[in-house]
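Q: So I've got this file, upload-v9.pdb, and it contains PDB, C-alpha atoms:
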ATOM      1  CA  MET U   1      28.079  37.373 -34.520
ATOM      2  CA  ARG U   2      31.488  35.876 -33.902
ATOM      3  CA  LYS U   3      32.014  38.021 -30.841
ATOM      4  CA  LEU U   4      28.712  36.853 -29.481
ATOM      5  CA  LEU U   5      29.655  33.248 -29.982
ATOM      6  CA  ILE U   6      32.960  33.711 -28.176
ATOM      7  CA  ALA U   7      31.198  35.515 -25.365
ATOM      8  CA  ALA U   8      28.732  32.664 -25.097
ATOM      9  CA  LEU U   9      31.527  30.109 -25.008
ATOM     10  CA  LEU U  10      33.359  32.065 -22.322
ATOM     11  CA  CYS U  11      30.270  32.215 -20.180
ATOM     12  CA  GLN U  12      29.859  28.480 -20.376
ATOM     13  CA  SER U  13      33.504  27.630 -19.843
ATOM     14  CA  THR U  14      33.288  27.176 -16.082
ATOM     15  CA  PHE U  15      30.485  24.674 -16.537
ATOM     16  CA  ALA U  16      32.197  22.910 -19.401
ATOM     17  CA  LEU U  17      35.129  22.092 -17.124
ATOM     18  CA  ALA U  18      32.961  20.253 -14.647
ATOM     19  CA  ASP U  19      32.145  16.678 -15.569
ATOM     20  CA  ILE U  20      29.179  16.588 -13.248
ATOM     21  CA  VAL U  21      25.787  17.863 -14.226
ATOM     22  CA  VAL U  22      23.399  18.443 -11.343
ATOM     23  CA  SER U  23      19.841  18.195 -12.568
ATOM     24  CA  GLU U  24      16.350  18.194 -11.070
ATOM     25  CA  PRO U  25      17.471  19.214  -7.596
ATOM     26  CA  TYR U  26      14.707  19.766  -5.048
ATOM     27  CA  ALA U  27      14.202  19.880  -1.311
ATOM     28  CA  ARG U  28      11.334  18.398   0.650
ATOM     29  CA  ALA U  29       8.665  20.761   1.943
ATOM     30  CA  VAL U  30       8.296  20.244   5.687
ATOM     31  CA  PRO U  31       5.680  21.191   8.275
ATOM     32  CA  HIS U  32       6.051  24.383  10.276
ATOM     33  CA  GLY U  33       8.567  23.941  13.092
ATOM     34  CA  GLN U  34      10.439  21.033  11.560
ATOM     35  CA  LEU U  35      14.178  21.326  12.099
ATOM     36  CA  ASN U  36      15.327  19.014   9.338
ATOM     37  CA  SER U  37      14.653  18.282   5.726
ATOM     38  CA  ALA U  38      16.316  16.519   2.845
ATOM     39  CA  ALA U  39      17.317  17.390  -0.699
ATOM     40  CA  PHE U  40      17.455  15.127  -3.716
ATOM     41  CA  MET U  41      18.897  15.394  -7.218
ATOM     42  CA  THR U  42      20.355  13.627 -10.209
ATOM     43  CA  LEU U  43      24.149  13.708 -10.635
ATOM     44  CA  LYS U  44      25.453  12.802 -14.052
ATOM     45  CA  ASN U  45      29.152  12.224 -14.606
ATOM     46  CA  SER U  46      30.101  12.574 -18.262
ATOM     47  CA  GLY U  47      33.822  12.260 -17.534
ATOM     48  CA  ASN U  48      36.125   9.256 -17.615
ATOM     49  CA  LYS U  49      36.941   9.347 -13.929
ATOM     50  CA  ALA U  50      34.786   8.752 -10.889
ATOM     51  CA  VAL U  51      33.947  11.933  -9.023
ATOM     52  CA  ASP U  52      32.648  12.201  -5.471
ATOM     53  CA  LEU U  53      30.149  14.677  -4.141
ATOM     54  CA  ILE U  54      32.015  15.529  -0.941
ATOM     55  CA  SER U  55      29.895  18.242   0.615
ATOM     56  CA  ALA U  56      27.002  20.604   0.197
ATOM     57  CA  SER U  57      26.055  23.807   1.951
ATOM     58  CA  SER U  58      23.079  26.109   2.066
ATOM     59  CA  PRO U  59      22.184  29.240   3.997
ATOM     60  CA  ALA U  60      18.796  27.562   4.598
ATOM     61  CA  ALA U  61      20.269  25.158   7.164
ATOM     62  CA  GLU U  62      22.797  25.322   9.949
ATOM     63  CA  HIS U  63      24.359  22.046   8.852
ATOM     64  CA  VAL U  64      24.225  20.204   5.556
ATOM     65  CA  GLU U  65      25.373  16.585   5.526
ATOM     66  CA  LEU U  66      25.366  13.634   3.194
ATOM     67  CA  HIS U  67      23.282  10.765   4.488
ATOM     68  CA  THR U  68      22.053   7.450   3.260
ATOM     69  CA  HIS U  69      19.266   5.089   4.145
ATOM     70  CA  SER U  70      19.469   1.380   4.057
ATOM     71  CA  ASN U  71      16.884  -1.248   4.684
ATOM     72  CA  VAL U  72      18.432  -3.975   6.817
ATOM     73  CA  ASP U  73      15.948  -6.813   7.361
ATOM     74  CA  GLY U  74      13.026  -4.391   7.276
ATOM     75  CA  VAL U  75      14.663  -1.871   9.604
ATOM     76  CA  MET U  76      15.364   1.505   8.050
ATOM     77  CA  GLN U  77      18.730   2.842   9.092
ATOM     78  CA  MET U  78      19.940   6.343   8.392
ATOM     79  CA  ARG U  79      23.665   6.978   8.492
ATOM     80  CA  GLN U  80      25.959   9.857   7.648
ATOM     81  CA  ILE U  81      28.318   9.211   4.742
ATOM     82  CA  ASN U  82      31.358  11.245   3.743
ATOM     83  CA  LYS U  83      30.812  11.144   0.002
ATOM     84  CA  VAL U  84      28.517  10.087  -2.793
ATOM     85  CA  THR U  85      30.500   8.587  -5.669
ATOM     86  CA  ILE U  86      29.410   9.156  -9.229
ATOM     87  CA  GLU U  87      31.240   6.587 -11.354
ATOM     88  CA  ALA U  88      32.685   7.575 -14.743
ATOM     89  CA  ASN U  89      29.951   7.903 -17.359
ATOM     90  CA  HIS U  90      27.299   7.112 -14.811
ATOM     91  CA  THR U  91      24.339   8.776 -13.213
ATOM     92  CA  THR U  92      23.699   8.659  -9.491
ATOM     93  CA  ILE U  93      20.259   9.627  -8.294
ATOM     94  CA  LEU U  94      19.747  10.929  -4.784
ATOM     95  CA  LYS U  95      16.156  10.087  -3.984
ATOM     96  CA  PRO U  96      13.796   9.341  -1.117
ATOM     97  CA  GLY U  97      14.764   6.070   0.562
ATOM     98  CA  GLY U  98      18.411   6.221  -0.505
ATOM     99  CA  HIS U  99      21.228   8.765  -0.550
ATOM    100  CA  HIS U 100      20.151  12.281   0.303
ATOM    101  CA  VAL U 101      21.527  15.636   1.277
ATOM    102  CA  MET U 102      20.343  16.242   4.812
ATOM    103  CA  LEU U 103      19.469  19.761   5.944
ATOM    104  CA  ILE U 104      19.847  20.002   9.708
ATOM    105  CA  GLY U 105      18.800  22.995  11.762
ATOM    106  CA  LEU U 106      16.632  24.764   9.217
ATOM    107  CA  GLN U 107      17.004  28.533   9.293
ATOM    108  CA  GLN U 108      13.755  29.105   7.437
ATOM    109  CA  GLU U 109      10.487  27.397   6.637
ATOM    110  CA  LEU U 110      10.506  25.197   3.569
ATOM    111  CA  ASN U 111       7.164  25.822   1.931
ATOM    112  CA  GLU U 112       6.107  24.368  -1.355
ATOM    113  CA  GLY U 113       6.796  26.840  -4.154
ATOM    114  CA  ASP U 114       9.792  28.487  -2.451
ATOM    115  CA  SER U 115      13.360  27.725  -3.382
ATOM    116  CA  ILE U 116      16.696  27.655  -1.579
ATOM    117  CA  PRO U 117      20.259  27.943  -2.895
ATOM    118  CA  MET U 118      22.688  25.077  -2.387
ATOM    119  CA  THR U 119      26.365  24.781  -3.211
ATOM    120  CA  PHE U 120      27.781  21.389  -4.097
ATOM    121  CA  THR U 121      31.496  20.592  -3.778
ATOM    122  CA  PHE U 122      33.024  17.751  -5.755
ATOM    123  CA  SER U 123      36.279  15.815  -5.381
ATOM    124  CA  ASP U 124      37.589  17.221  -8.682
ATOM    125  CA  GLY U 125      37.723  20.625  -7.011
ATOM    126  CA  THR U 126      34.675  22.053  -8.749
ATOM    127  CA  THR U 127      31.731  23.622  -7.004
ATOM    128  CA  GLN U 128      28.285  24.334  -8.376
ATOM    129  CA  GLU U 129      25.510  26.433  -6.998
ATOM    130  CA  LYS U 130      21.922  25.462  -7.701
ATOM    131  CA  GLN U 131      18.559  26.834  -6.789
ATOM    132  CA  LEU U 132      16.421  24.058  -5.285
ATOM    133  CA  PRO U 133      12.657  24.307  -5.583
ATOM    134  CA  ILE U 134      10.763  23.174  -2.480
ATOM    135  CA  LYS U 135       8.351  20.383  -3.281
ATOM    136  CA  PHE U 136       5.782  18.370  -1.403
ATOM    137  CA  VAL U 137       7.291  14.960  -2.043
ATOM    138  CA  MET U 138       4.684  12.571  -3.357
ATOM    139  CA  PRO U 139       5.036   8.825  -3.133
ATOM    140  CA  MET U 140       7.233   7.693  -6.016
ATOM    141  CA  ASN U 141       4.785   5.498  -7.814
ATOM    142  CA  MET U 142       2.054   8.138  -7.976
ATOM    143  CA  ASP U 143       4.300  10.725  -9.559
ATOM    144  CA  HIS U 144       4.199   9.394 -13.078
ATOM    145  CA  SER U 145       6.154  12.128 -14.863
ATOM    146  CA  LYS U 146       9.061  11.944 -12.461
ATOM    147  CA  HIS U 147       9.117   8.181 -12.525
ATOM    148  CA  THR U 148       9.339   8.011 -16.325
ATOM    149  CA  GLU U 149      12.060  10.624 -16.455
ATOM    150  CA  GLN U 150      14.089   8.736 -13.919
ATOM    151  CA  SER U 151      13.803   5.415 -15.677
ATOM    152  CA  THR U 152      14.837   6.991 -18.965
ATOM    153  CA  GLU U 153      17.798   8.625 -17.320
ATOM    154  CA  HIS U 154      18.743   5.301 -15.853
ATOM    155  CA  LYS U 155      18.686   3.555 -19.216
ATOM    156  CA  HIS U 156      21.168   6.021 -20.704
ATOM    157  CA  THR U 157      23.759   5.026 -18.175
ATOM    158  CA  HIS U 158      23.823   1.363 -19.130
TER     159      HIS U 158
ATOM    160  CA  MET G 159      -0.405   7.349  24.346
ATOM    161  CA  GLN G 160      -0.727  11.108  24.240
ATOM    162  CA  SER G 161      -1.717  13.360  21.376
ATOM    163  CA  ALA G 162      -1.880  17.162  21.523
ATOM    164  CA  ASP G 163      -5.628  16.765  22.076
ATOM    165  CA  GLY G 164      -5.457  14.254  24.895
ATOM    166  CA  PRO G 165      -4.937  10.534  25.377
ATOM    167  CA  VAL G 166      -5.483   8.308  22.370
ATOM    168  CA  SER G 167      -6.334   4.643  22.448
ATOM    169  CA  LEU G 168      -7.132   2.301  19.612
ATOM    170  CA  SER G 169     -10.556   1.740  21.141
ATOM    171  CA  ASP G 170     -11.360   5.378  20.183
ATOM    172  CA  TYR G 171     -11.310   4.179  16.591
ATOM    173  CA  ARG G 172     -13.822   1.310  16.727
ATOM    174  CA  GLY G 173     -15.749   1.226  13.473
ATOM    175  CA  LYS G 174     -12.883   2.790  11.552
ATOM    176  CA  VAL G 175      -9.990   1.306   9.662
ATOM    177  CA  VAL G 176      -6.760   2.693  11.089
ATOM    178  CA  ALA G 177      -3.499   2.945   9.193
ATOM    179  CA  MET G 178      -0.714   3.135  11.762
ATOM    180  CA  TYR G 179       2.939   3.976  11.217
ATOM    181  CA  ILE G 180       5.725   3.835  13.800
ATOM    182  CA  GLY G 181       8.533   6.338  13.236
ATOM    183  CA  TYR G 182       9.807   9.779  14.317
ATOM    184  CA  SER G 183       9.375  13.258  12.930
ATOM    185  CA  ALA G 184      13.085  14.078  12.568
ATOM    186  CA  CYS G 185      13.262  11.156  10.144
ATOM    187  CA  PRO G 186      13.875  13.026   6.916
ATOM    188  CA  ASP G 187      12.772  10.511   4.439
ATOM    189  CA  VAL G 188      10.954   7.211   4.949
ATOM    190  CA  CYS G 189       8.493   8.533   7.531
ATOM    191  CA  PRO G 190       7.295  11.478   5.418
ATOM    192  CA  THR G 191       7.070   9.116   2.459
ATOM    193  CA  ALA G 192       4.828   6.736   4.404
ATOM    194  CA  LEU G 193       2.670   9.648   5.590
ATOM    195  CA  ALA G 194       2.459  11.022   2.046
ATOM    196  CA  ILE G 195       1.214   7.603   0.892
ATOM    197  CA  MET G 196      -1.455   7.703   3.613
ATOM    198  CA  ARG G 197      -2.475  11.203   2.581
ATOM    199  CA  GLN G 198      -2.711  10.156  -1.042
ATOM    200  CA  ALA G 199      -4.795   7.108  -0.158
ATOM    201  CA  PHE G 200      -7.115   9.064   2.161
ATOM    202  CA  VAL G 201      -7.865  11.814  -0.355
ATOM    203  CA  SER G 202      -8.382   9.262  -3.129
ATOM    204  CA  LEU G 203     -11.077   7.329  -1.283
ATOM    205  CA  PRO G 204     -14.686   8.026  -2.251
ATOM    206  CA  PRO G 205     -16.113  10.758   0.034
ATOM    207  CA  GLU G 206     -18.544   8.338   1.703
ATOM    208  CA  GLN G 207     -15.638   6.113   2.838
ATOM    209  CA  GLN G 208     -13.363   8.903   4.051
ATOM    210  CA  PRO G 209     -14.990   9.288   7.511
ATOM    211  CA  PHE G 210     -14.271   5.607   8.189
ATOM    212  CA  VAL G 211     -10.499   5.740   7.875
ATOM    213  CA  ALA G 212      -7.931   7.334  10.155
ATOM    214  CA  GLY G 213      -4.177   7.444  10.473
ATOM    215  CA  LEU G 214      -1.956   7.162  13.532
ATOM    216  CA  PHE G 215       1.682   8.196  13.615
ATOM    217  CA  VAL G 216       3.372   6.714  16.683
ATOM    218  CA  SER G 217       6.641   8.467  17.486
ATOM    219  CA  VAL G 218       9.414   6.399  19.037
ATOM    220  CA  ASP G 219      11.347   9.629  19.696
ATOM    221  CA  PRO G 220       9.494  11.287  22.625
ATOM    222  CA  GLU G 221      12.638  13.281  23.448
ATOM    223  CA  ARG G 222      12.234  15.376  20.290
ATOM    224  CA  ASP G 223       8.590  14.759  19.453
ATOM    225  CA  THR G 224       6.182  16.462  21.830
ATOM    226  CA  PRO G 225       2.466  15.811  21.200
ATOM    227  CA  GLU G 226       2.115  19.438  19.980
ATOM    228  CA  LYS G 227       4.948  19.027  17.507
ATOM    229  CA  LEU G 228       3.458  15.765  16.299
ATOM    230  CA  LYS G 229       0.115  17.475  15.720
ATOM    231  CA  THR G 230       1.686  20.106  13.454
ATOM    232  CA  TYR G 231       3.653  17.383  11.731
ATOM    233  CA  THR G 232       0.745  15.020  11.022
ATOM    234  CA  GLN G 233      -1.732  17.786  10.107
ATOM    235  CA  PHE G 234       0.687  18.853   7.385
ATOM    236  CA  PHE G 235      -0.080  15.557   5.668
ATOM    237  CA  HIS G 236      -3.786  15.022   6.381
ATOM    238  CA  PRO G 237      -6.375  16.100   8.980
ATOM    239  CA  ALA G 238      -7.297  12.445   9.634
ATOM    240  CA  LEU G 239      -3.760  11.750  10.836
ATOM    241  CA  THR G 240      -3.042  11.931  14.563
ATOM    242  CA  GLY G 241       0.435  11.966  16.057
ATOM    243  CA  VAL G 242       0.949  10.220  19.387
ATOM    244  CA  THR G 243       3.809   9.328  21.659
ATOM    245  CA  GLY G 244       4.296   8.233  25.231
ATOM    246  CA  THR G 245       6.766   7.119  27.840
ATOM    247  CA  LYS G 246       9.439   4.640  26.861
ATOM    248  CA  SER G 247       7.488   1.773  28.436
ATOM    249  CA  GLU G 248       4.276   2.771  26.623
ATOM    250  CA  ILE G 249       6.167   2.971  23.349
ATOM    251  CA  ASP G 250       7.900  -0.345  23.976
ATOM    252  CA  GLU G 251       4.556  -1.986  24.661
ATOM    253  CA  VAL G 252       3.059  -0.828  21.353
ATOM    254  CA  VAL G 253       6.215  -1.700  19.448
ATOM    255  CA  ALA G 254       6.224  -5.211  20.928
ATOM    256  CA  LEU G 255       2.515  -5.660  20.270
ATOM    257  CA  TYR G 256       3.009  -5.066  16.560
ATOM    258  CA  GLY G 257       6.298  -6.895  16.228
ATOM    259  CA  ALA G 258       7.965  -3.627  15.298
ATOM    260  CA  PHE G 259      11.472  -2.530  16.181
ATOM    261  CA  TYR G 260      13.346   0.655  16.980
ATOM    262  CA  ARG G 261      16.775   1.515  18.265
ATOM    263  CA  ARG G 262      18.376   4.834  19.087
ATOM    264  CA  ILE G 263      21.709   5.295  17.309
ATOM    265  CA  GLU G 264      24.187   7.975  18.340
ATOM    266  CA  MET G 265      25.628   9.770  15.323
ATOM    267  CA  GLU G 266      28.955  11.006  16.538
ATOM    268  CA  ASP G 267      29.991  13.212  13.633
ATOM    269  CA  SER G 268      26.540  14.360  12.643
ATOM    270  CA  ALA G 269      24.712  17.482  13.730
ATOM    271  CA  MET G 270      21.646  15.236  13.974
ATOM    272  CA  GLY G 271      22.975  13.989  17.326
ATOM    273  CA  TYR G 272      21.133  10.719  17.038
ATOM    274  CA  ALA G 273      18.932   8.867  14.629
ATOM    275  CA  VAL G 274      16.377   6.180  15.324
ATOM    276  CA  ASP G 275      16.544   3.002  13.318
ATOM    277  CA  HIS G 276      13.061   1.658  12.943
ATOM    278  CA  SER G 277      11.016  -0.945  11.174
ATOM    279  CA  SER G 278       8.925   0.700   8.512
ATOM    280  CA  ARG G 279       5.487  -0.721   7.917
ATOM    281  CA  ILE G 280       1.966   0.596   7.695
ATOM    282  CA  TYR G 281      -0.220  -1.466  10.053
ATOM    283  CA  LEU G 282      -3.860  -1.752   9.125
ATOM    284  CA  ILE G 283      -6.208  -2.179  12.035
ATOM    285  CA  GLY G 284      -9.753  -3.225  11.265
ATOM    286  CA  PRO G 285     -12.988  -1.708  12.600
ATOM    287  CA  GLN G 286     -12.940  -4.240  15.479
ATOM    288  CA  GLY G 287      -9.541  -3.012  16.650
ATOM    289  CA  LYS G 288      -7.557  -6.012  15.418
ATOM    290  CA  LEU G 289      -4.425  -5.929  13.280
ATOM    291  CA  ARG G 290      -5.526  -7.186   9.873
ATOM    292  CA  ASN G 291      -2.747  -6.398   7.433
ATOM    293  CA  THR G 292       0.670  -4.784   7.075
ATOM    294  CA  ILE G 293       1.980  -2.856   4.109
ATOM    295  CA  SER G 294       5.487  -1.737   3.223
ATOM    296  CA  HIS G 295       6.308   1.985   3.496
ATOM    297  CA  ASN G 296       7.183   1.996  -0.187
ATOM    298  CA  ALA G 297       3.898   0.473  -1.292
ATOM    299  CA  SER G 298       1.905   2.522  -3.752
ATOM    300  CA  PRO G 299      -1.042   4.584  -2.535
ATOM    301  CA  ILE G 300      -3.197   2.339  -4.728
ATOM    302  CA  GLU G 301      -2.148  -0.731  -2.723
ATOM    303  CA  LEU G 302      -3.019   1.113   0.464
ATOM    304  CA  ILE G 303      -6.396   2.225  -0.927
ATOM    305  CA  GLU G 304      -7.231  -1.366  -1.858
ATOM    306  CA  ALA G 305      -6.115  -2.685   1.524
ATOM    307  CA  LEU G 306      -8.166  -0.028   3.362
ATOM    308  CA  GLN G 307     -11.240  -0.750   1.275
ATOM    309  CA  ALA G 308     -10.924  -4.479   1.853
ATOM    310  CA  LEU G 309     -11.314  -3.817   5.588
ATOM    311  CA  LEU G 310     -14.137  -1.291   5.374
ATOM    312  CA  PRO G 311     -17.504  -2.813   6.108
ATOM    313  CA  SER G 312     -19.417  -3.062   2.857
ATOM    314  CA  SER G 313     -22.233  -0.565   2.867
TER     315      SER G 313
END
Please go through the file and, once you have read it, give me the structure as structure tokens.

A:
Amino acid sequence: MRKLLIAALLCQSTFALADIVVSEPYARAVPHGQLNSAAFMTLKNSGNKAVDLISASSPAAEHVELHTHSNVDGVMQMRQINKVTIEANHTTILKPGGHHVMLIGLQQELNEGDSIPMTFTFSDGTTQEKQLPIKFVMPMNMDHSKHTEQSTEHKHTH
Amino acid sequence: MQSADGPVSLSDYRGKVVAMYIGYSACPDVCPTALAIMRQAFVSLPPEQQPFVAGLFVSVDPERDTPEKLKTYTQFFHPALTGVTGTKSEIDEVVALYGAFYRRIEMEDSAMGYAVDHSSRIYLIGPQGKLRNTISHNASPIELIEALQALLPSS
């Protein structure tokens, strides 16, 4: 019993060191022939120091970059950014219309129901690999379950 | 403007309510969101109203968006959506007509090469071919459904 417990603790140790929890990652399903897509996720920082997401990579795309969208007087502008900061004890959500991980030069089709691996690198030197399900992204305000989850998550951070 | 199935003009849509969006298919985020809203609205309409609505996706990125590519792109969202593009002067004419805006932006460090800043609205054109309403790209499908129905001739 004790051995099992120690073994379990050892297995978890690499995750315990990282202050960032990556949850609900997903990538957008795209039509056949599309070269680009985007990935979204929730990044929760339970540590006392701000941590930046500095890069991501995936065998599913030739290039993976961090991008953001901003709405300037009704004009949507997409720009590359070099990091996404997750403040201490805060949650940053990458979602449609805001920060996103951009997949450029897709090496495969992204069909709903598939999944792709992605490795995230953070400024504290940690990396995490996640499996991202491919989803047909529905308009925010129709997707009730997701919306509620996100608002709850948001409340915890304040 | 050209679609994969030939030239498209608004006059082809007389009698229908047209939801039009101006964007580009390499746009990873706001454009697919707007098209997903259209899809959601179209499939939610009562079956008897569905033949009287249509969607147009006008690409301001003819360099990357061929009519064939736009067809695959728009059909992914809904069969009533048609993708069109044209020469720069044709695009500029449509953009000016609707008070829209776009601007090509070189992205020096990005593998994207360039992005296109663009205004992001769903234009609703009534059965007589006149612009009747505009809706934000982050409106809910329910708002779009209501706006479409308000323009449909009452049967």

Q: Once you count only C-alpha atoms, which residues of chain U turn out to be within 10 Å of chain G? Could you give them as a PDB file with C-alpha atoms, keeping the file's coordinate frame?

A:
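Done, and the output landed in iface23.pdb:
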ATOM      1  CA  ARG U  28      11.334  18.398   0.650  1.00  0.00           C
ATOM      2  CA  ALA U  29       8.665  20.761   1.943  1.00  0.00           C
ATOM      3  CA  VAL U  30       8.296  20.244   5.687  1.00  0.00           C
ATOM      4  CA  PRO U  31       5.680  21.191   8.275  1.00  0.00           C
ATOM      5  CA  HIS U  32       6.051  24.383  10.276  1.00  0.00           C
ATOM      6  CA  GLY U  33       8.567  23.941  13.092  1.00  0.00           C
ATOM      7  CA  GLN U  34      10.439  21.033  11.560  1.00  0.00           C
ATOM      8  CA  LEU U  35      14.178  21.326  12.099  1.00  0.00           C
ATOM      9  CA  ASN U  36      15.327  19.014   9.338  1.00  0.00           C
ATOM     10  CA  SER U  37      14.653  18.282   5.726  1.00  0.00           C
ATOM     11  CA  ALA U  38      16.316  16.519   2.845  1.00  0.00           C
ATOM     12  CA  ALA U  39      17.317  17.390  -0.699  1.00  0.00           C
ATOM     13  CA  GLU U  62      22.797  25.322   9.949  1.00  0.00           C
ATOM     14  CA  HIS U  63      24.359  22.046   8.852  1.00  0.00           C
ATOM     15  CA  VAL U  64      24.225  20.204   5.556  1.00  0.00           C
ATOM     16  CA  GLU U  65      25.373  16.585   5.526  1.00  0.00           C
ATOM     17  CA  LEU U  66      25.366  13.634   3.194  1.00  0.00           C
ATOM     18  CA  HIS U  67      23.282  10.765   4.488  1.00  0.00           C
ATOM     19  CA  THR U  68      22.053   7.450   3.260  1.00  0.00           C
ATOM     20  CA  HIS U  69      19.266   5.089   4.145  1.00  0.00           C
ATOM     21  CA  SER U  70      19.469   1.380   4.057  1.00  0.00           C
ATOM     22  CA  ASN U  71      16.884  -1.248   4.684  1.00  0.00           C
ATOM     23  CA  VAL U  72      18.432  -3.975   6.817  1.00  0.00           C
ATOM     24  CA  ASP U  73      15.948  -6.813   7.361  1.00  0.00           C
ATOM     25  CA  GLY U  74      13.026  -4.391   7.276  1.00  0.00           C
ATOM     26  CA  VAL U  75      14.663  -1.871   9.604  1.00  0.00           C
ATOM     27  CA  MET U  76      15.364   1.505   8.050  1.00  0.00           C
ATOM     28  CA  GLN U  77      18.730   2.842   9.092  1.00  0.00           C
ATOM     29  CA  MET U  78      19.940   6.343   8.392  1.00  0.00           C
ATOM     30  CA  ARG U  79      23.665   6.978   8.492  1.00  0.00           C
ATOM     31  CA  GLN U  80      25.959   9.857   7.648  1.00  0.00           C
ATOM     32  CA  ILE U  81      28.318   9.211   4.742  1.00  0.00           C
ATOM     33  CA  LYS U  95      16.156  10.087  -3.984  1.00  0.00           C
ATOM     34  CA  PRO U  96      13.796   9.341  -1.117  1.00  0.00           C
ATOM     35  CA  GLY U  97      14.764   6.070   0.562  1.00  0.00           C
ATOM     36  CA  GLY U  98      18.411   6.221  -0.505  1.00  0.00           C
ATOM     37  CA  HIS U  99      21.228   8.765  -0.550  1.00  0.00           C
ATOM     38  CA  HIS U 100      20.151  12.281   0.303  1.00  0.00           C
ATOM     39  CA  VAL U 101      21.527  15.636   1.277  1.00  0.00           C
ATOM     40  CA  MET U 102      20.343  16.242   4.812  1.00  0.00           C
ATOM     41  CA  LEU U 103      19.469  19.761   5.944  1.00  0.00           C
ATOM     42  CA  ILE U 104      19.847  20.002   9.708  1.00  0.00           C
ATOM     43  CA  GLY U 105      18.800  22.995  11.762  1.00  0.00           C
ATOM     44  CA  PHE U 136       5.782  18.370  -1.403  1.00  0.00           C
ATOM     45  CA  VAL U 137       7.291  14.960  -2.043  1.00  0.00           C
ATOM     46  CA  MET U 138       4.684  12.571  -3.357  1.00  0.00           C
ATOM     47  CA  PRO U 139       5.036   8.825  -3.133  1.00  0.00           C
ATOM     48  CA  MET U 140       7.233   7.693  -6.016  1.00  0.00           C
ATOM     49  CA  ASN U 141       4.785   5.498  -7.814  1.00  0.00           C
ATOM     50  CA  MET U 142       2.054   8.138  -7.976  1.00  0.00           C
TER      51      MET U 142
END

Q: So how many Å separate atom CA of G:Met159 and atom CA of G:Leu255, to one decimal?

A: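 If I compute the distance from atom CA of G:Met159 to atom CA of G:Leu255, I get 13.9 Å.
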
Q: Quick one: distance from atom CA of U:Thr92 to atom CA of U:Ala56 in Å, one decimal?

A: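 Answer for the atom CA of U:Thr92 to atom CA of U:Ala56 separation: 15.7 Å.
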
Q: So the first atom is atom CA of G:Met178 and the second is atom CA of G:Pro237; what is the distance between them in Å, to one decimal place?

A: 14.4 Å

Q: When distances are computed from all atoms listed in the file, which of U:Gly47, U:Pro133, U:Gly125, U:Gly113 shows the smallest separation from U:Ile20?

A: U:Gly47

Q: For G:Gln286, which of G:Gly173, G:Pro205, G:Gly164, G:Pro220 is the closest residue, counting all atoms listed in the file?

A: G:Gly173

Q: For G:Ser217, which of G:Ile280, G:Val242, G:Ile293, G:Ile303 is the closest residue, counting only C-alpha atoms?

A: G:Val242

Q: Evaluate the PyMOL selection byres ((chain U and resi 45) around 6) against this structure - the residues, as a PyMOL selection string, please.

A: chain U and resi 19-20+44+46-47+88-90

Q: Write a file of the selected residues as a PDB file, in the frame of the given file, keeping C-alpha atoms.

A:
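Result file follows (part-v5.pdb):
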ATOM      1  CA  ASP U  19      32.145  16.678 -15.569  1.00  0.00           C
ATOM      2  CA  ILE U  20      29.179  16.588 -13.248  1.00  0.00           C
ATOM      3  CA  LYS U  44      25.453  12.802 -14.052  1.00  0.00           C
ATOM      4  CA  SER U  46      30.101  12.574 -18.262  1.00  0.00           C
ATOM      5  CA  GLY U  47      33.822  12.260 -17.534  1.00  0.00           C
ATOM      6  CA  ALA U  88      32.685   7.575 -14.743  1.00  0.00           C
ATOM      7  CA  ASN U  89      29.951   7.903 -17.359  1.00  0.00           C
ATOM      8  CA  HIS U  90      27.299   7.112 -14.811  1.00  0.00           C
TER       9      HIS U  90
END

Q: Do a neighbour search on G:Val218 at 7 Å with only C-alpha atoms, toss out local chain neighbours closer than 2 positions, and write the hits as a VMD selection string.

A: chain G and resid 180 to 182 216 220 243 249

Q: List as a PyMOL selection string the residues having at least one atom at most 12 Å from position (-5.9, 4.4, 18.7) as given in the file, counting all atoms listed in the file.

A: chain G and resi 159-161+164-179+211-216+239-243+252+281-289

Q: As a CSV table (one decimal), in the coordinates of the input, could you write out stretch 199-206 of chain G once it has been completed with N, CA and C atoms?

A:
chain,number,residue,atom,x,y,z
G,199,ALA,N,-3.7,8.1,-0.2
G,199,ALA,CA,-4.8,7.1,-0.2
G,199,ALA,C,-6.1,7.7,0.4
G,200,PHE,N,-5.9,8.5,1.5
G,200,PHE,CA,-7.1,9.1,2.2
G,200,PHE,C,-7.9,10.0,1.2
G,201,VAL,N,-7.2,10.9,0.5
G,201,VAL,CA,-7.9,11.8,-0.4
G,201,VAL,C,-8.4,11.1,-1.6
G,202,SER,N,-7.9,9.9,-1.9
G,202,SER,CA,-8.4,9.3,-3.1
G,202,SER,C,-9.6,8.4,-2.9
G,203,LEU,N,-9.9,8.2,-1.6
G,203,LEU,CA,-11.1,7.3,-1.3
G,203,LEU,C,-12.4,8.1,-1.6
G,204,PRO,N,-13.4,7.4,-2.0
G,204,PRO,CA,-14.7,8.0,-2.3
G,204,PRO,C,-15.1,8.8,-1.0
G,205,PRO,N,-15.7,9.9,-1.1
G,205,PRO,CA,-16.1,10.8,0.0
G,205,PRO,C,-16.9,10.0,1.1
G,206,GLU,N,-17.7,9.0,0.7
G,206,GLU,CA,-18.5,8.3,1.7
G,206,GLU,C,-17.7,7.4,2.6
